[in-house]
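A.B. asks: Below: one structure in structure tokens.
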Amino acid sequence: MLALSLFCGLLTGSGDLGRAAMEGAGKAVSLCVSLTGSLCLWSGFAAVLERSGLQAGLARLLSPLLGRLYPTARRDEATMGALCGNVTANLLGLGSAATPLGVEAVRRMQALAGTDAATDEMCRLVVMNTASIQILPTTVAALRGSLGAAKPFDILPAVWVTSVLSVSAGLIAAGFLRHFWAGHPVKR
């Protein structure tokens with residue numbers, strides 16, 4: 001579509017294409033700057049949670065549930081810490097801040113499993129991160145606020161319902177599909 005648009009713009013000789021490209025680039029930079037501020041704020045909030053011990057408290061609160069979903073990871077405290085941090089960051093809508101913790105959790109899970117193949121627990125973590133259950137969608141709210149929404153957080157009920165449904169559907173699908181690939185590990 002991009003190539004077709006460029007071709008048509010050149011063919012018609014209209015300056016609208018260049019003007020639209022420059023205008024879009026300017027809006028993209030503006031959006032990135034506004035999201036950077038929000039991401040810094042919430043990443044700082046996550047650091048405060050960690051230093052104050054509230055993240056550890058949340059990890060203890062999440063451990064019984066996560067221990068059932070990730071029984072192998074439950075055996076290693078550092079793996080559960082990374083896993084709980086990842087889930088906590090996702091609950092706060094900080095997908096970018098959750099990624100390093102998710103990668104660390106998968107590395108630790110891989111070391112516990114002693115294989116390069118993706119285990120069921122690793123696949124479950126990918127599903128949970130992709131579906132991204134959220135209590136407070138900070139990144140989406142920041143985006144809405146930067147685009148002029150009067151109440152950026154008025155989407156909370158819809159986010160809660162869709163988050164629970166998407167994670168539930170993903171975990172059910174992962175459990176169902178697991179039986180098709182049983183004995184056929186996924187290699188990286």
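Following the order of the structure tokens, first chain is A, next is B, and so on, with residues numbered from 1 inside each chain and ligands from 1 in the order they appear.
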List as an mmCIF file with C-alpha atoms, in the first residue's frame the protein and nucleic acid residues near segment 24-33 of chain A, meaning an atom at most 12 Å away when only C-alpha atoms are counted, but skip any in the same chain fewer than 3 places from it.
C.D. replies:
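around_20.cif written:
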data_model
loop_
_atom_site.group_PDB
_atom_site.id
_atom_site.type_symbol
_atom_site.label_atom_id
_atom_site.label_comp_id
_atom_site.auth_asym_id
_atom_site.auth_seq_id
_atom_site.Cartn_x
_atom_site.Cartn_y
_atom_site.Cartn_z
ATOM 1 C CA ASP A 16 -0.144 16.331 -0.815
ATOM 2 C CA LEU A 17 1.858 13.147 -0.354
ATOM 3 C CA GLY A 18 4.985 14.948 0.812
ATOM 4 C CA ARG A 19 2.972 17.292 3.011
ATOM 5 C CA ALA A 20 1.110 14.361 4.603
ATOM 6 C CA ALA A 21 4.367 12.465 5.185
ATOM 7 C CA THR A 36 8.007 9.111 27.069
ATOM 8 C CA GLY A 37 6.908 11.316 29.946
ATOM 9 C CA SER A 38 4.204 8.885 30.986
ATOM 10 C CA LEU A 39 6.493 5.881 30.665
ATOM 11 C CA CYS A 40 9.118 7.618 32.816
ATOM 12 C CA THR A 139 0.198 3.492 28.537
ATOM 13 C CA ALA A 142 -1.333 8.328 28.460
ATOM 14 C CA LEU A 143 -1.953 7.916 24.758
ATOM 15 C CA ARG A 144 -5.602 8.900 25.162
ATOM 16 C CA GLY A 145 -4.601 11.902 27.281
ATOM 17 C CA SER A 146 -2.036 13.063 24.749
ATOM 18 C CA LEU A 147 -4.701 12.935 22.044
ATOM 19 C CA GLY A 148 -7.088 15.106 24.051
#
A.B. asks: What's around Glu104 of chain A at 12 Å? Count only C-alpha atoms, leave out sequence neighbours fewer than 2 positions away in its own chain, and write the answer as a list in words.
C.D. replies: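 Counting only the stated atoms, we get Ala73, Ala78, Thr79, Met80, Gly81, Ala82, Leu83, Cys84, Gly85, Asn86, Ala98, Thr99, Pro100, Leu101, Gly102, Val106, Arg107, Arg108, Met109, Gln110, Ala111, Met122 and Leu125 of chain A.
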A.B. asks: Please, could you write that set of residues out with C-alpha atoms as a PDB file, in the first residue's frame?
C.D. replies:
ATOM      1  CA  ALA A  73       9.251 -21.710  38.309  1.00  0.00           C
ATOM      2  CA  ALA A  78      14.639 -15.554  41.606  1.00  0.00           C
ATOM      3  CA  THR A  79      12.494 -16.963  38.787  1.00  0.00           C
ATOM      4  CA  MET A  80       9.309 -16.274  40.761  1.00  0.00           C
ATOM      5  CA  GLY A  81      10.586 -12.768  41.520  1.00  0.00           C
ATOM      6  CA  ALA A  82      11.108 -12.002  37.823  1.00  0.00           C
ATOM      7  CA  LEU A  83       7.769 -13.609  36.980  1.00  0.00           C
ATOM      8  CA  CYS A  84       5.904 -11.631  39.642  1.00  0.00           C
ATOM      9  CA  GLY A  85       7.632  -8.415  38.552  1.00  0.00           C
ATOM     10  CA  ASN A  86       6.615  -9.086  34.958  1.00  0.00           C
ATOM     11  CA  ALA A  98       7.494  -5.727  31.810  1.00  0.00           C
ATOM     12  CA  THR A  99       9.567  -6.996  28.892  1.00  0.00           C
ATOM     13  CA  PRO A 100      13.000  -7.221  30.603  1.00  0.00           C
ATOM     14  CA  LEU A 101      11.456  -9.047  33.559  1.00  0.00           C
ATOM     15  CA  GLY A 102       9.652 -11.448  31.219  1.00  0.00           C
ATOM     16  CA  VAL A 106      12.055 -17.132  30.552  1.00  0.00           C
ATOM     17  CA  ARG A 107      15.855 -17.407  30.805  1.00  0.00           C
ATOM     18  CA  ARG A 108      15.546 -18.714  34.335  1.00  0.00           C
ATOM     19  CA  MET A 109      12.755 -21.108  33.340  1.00  0.00           C
ATOM     20  CA  GLN A 110      14.952 -22.387  30.515  1.00  0.00           C
ATOM     21  CA  ALA A 111      17.827 -22.987  32.945  1.00  0.00           C
ATOM     22  CA  MET A 122       7.333 -20.497  28.877  1.00  0.00           C
ATOM     23  CA  LEU A 125       4.129 -16.727  30.023  1.00  0.00           C
TER      24      LEU A 125
END
A.B. asks: I'd like the interatomic distance between atom CA of Ile135 of chain A and atom CA of Leu92 of chain A, to a tenth of an Å.
C.D. replies: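 About the pair atom CA of Ile135 of chain A and atom CA of Leu92 of chain A: they are 6.0 Å apart.
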A.B. asks: Could you pull out the residues in chain A that DSSP calls helix (DSSP H, G or I) from the backbone, as a PyMOL selection string?
C.D. replies: chain A and resi 2-12+16-52+54-69+73-75+77-91+95-113+120-131+138-146+156-178
A.B. asks: Just checking: using only C-alpha atoms, which residue out of A:Leu66, A:Val161, A:Ala173, A:Ile155 ends up closest to Ile133 of chain A?
C.D. replies: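 Among A:Leu66, A:Val161, A:Ala173, A:Ile155, it is A:Val161 that comes nearest to Ile133 of chain A.
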A.B. asks: Which is closest to Phe176 of chain A among A:Asp120, A:Val140, A:Pro64, A:Val87, if we use only C-alpha atoms?
C.D. replies: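 For Phe176 of chain A, the nearest of the given residues is A:Asp120.
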A.B. asks: Which residues, written as a list in words, have at least one atom at most 9 Å from Thr119 of chain A, with only C-alpha atoms counted and residues fewer than 2 positions away on the same chain left out?
C.D. replies: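 Once the nearby chain positions are removed, what remains is Met109, Gln110, Ala113, Thr115, Asp116, Ala117, Glu121, Met122, Cys123, Arg124, Pro185 and Val186 of chain A.
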A.B. asks: So how many Å separate atom CA of Ala97 of chain A and atom CA of Tyr70 of chain A, to one decimal?
C.D. replies: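 One can read the atom CA of Ala97 of chain A to atom CA of Tyr70 of chain A distance as 21.1 Å.
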A.B. asks: In Å, with one decimal, what is the gap from atom CA of Leu177 of chain A to atom CA of Pro71 of chain A?
C.D. replies: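 Atom CA of Pro71 of chain A lies at a distance of 19.1 Å from atom CA of Leu177 of chain A.
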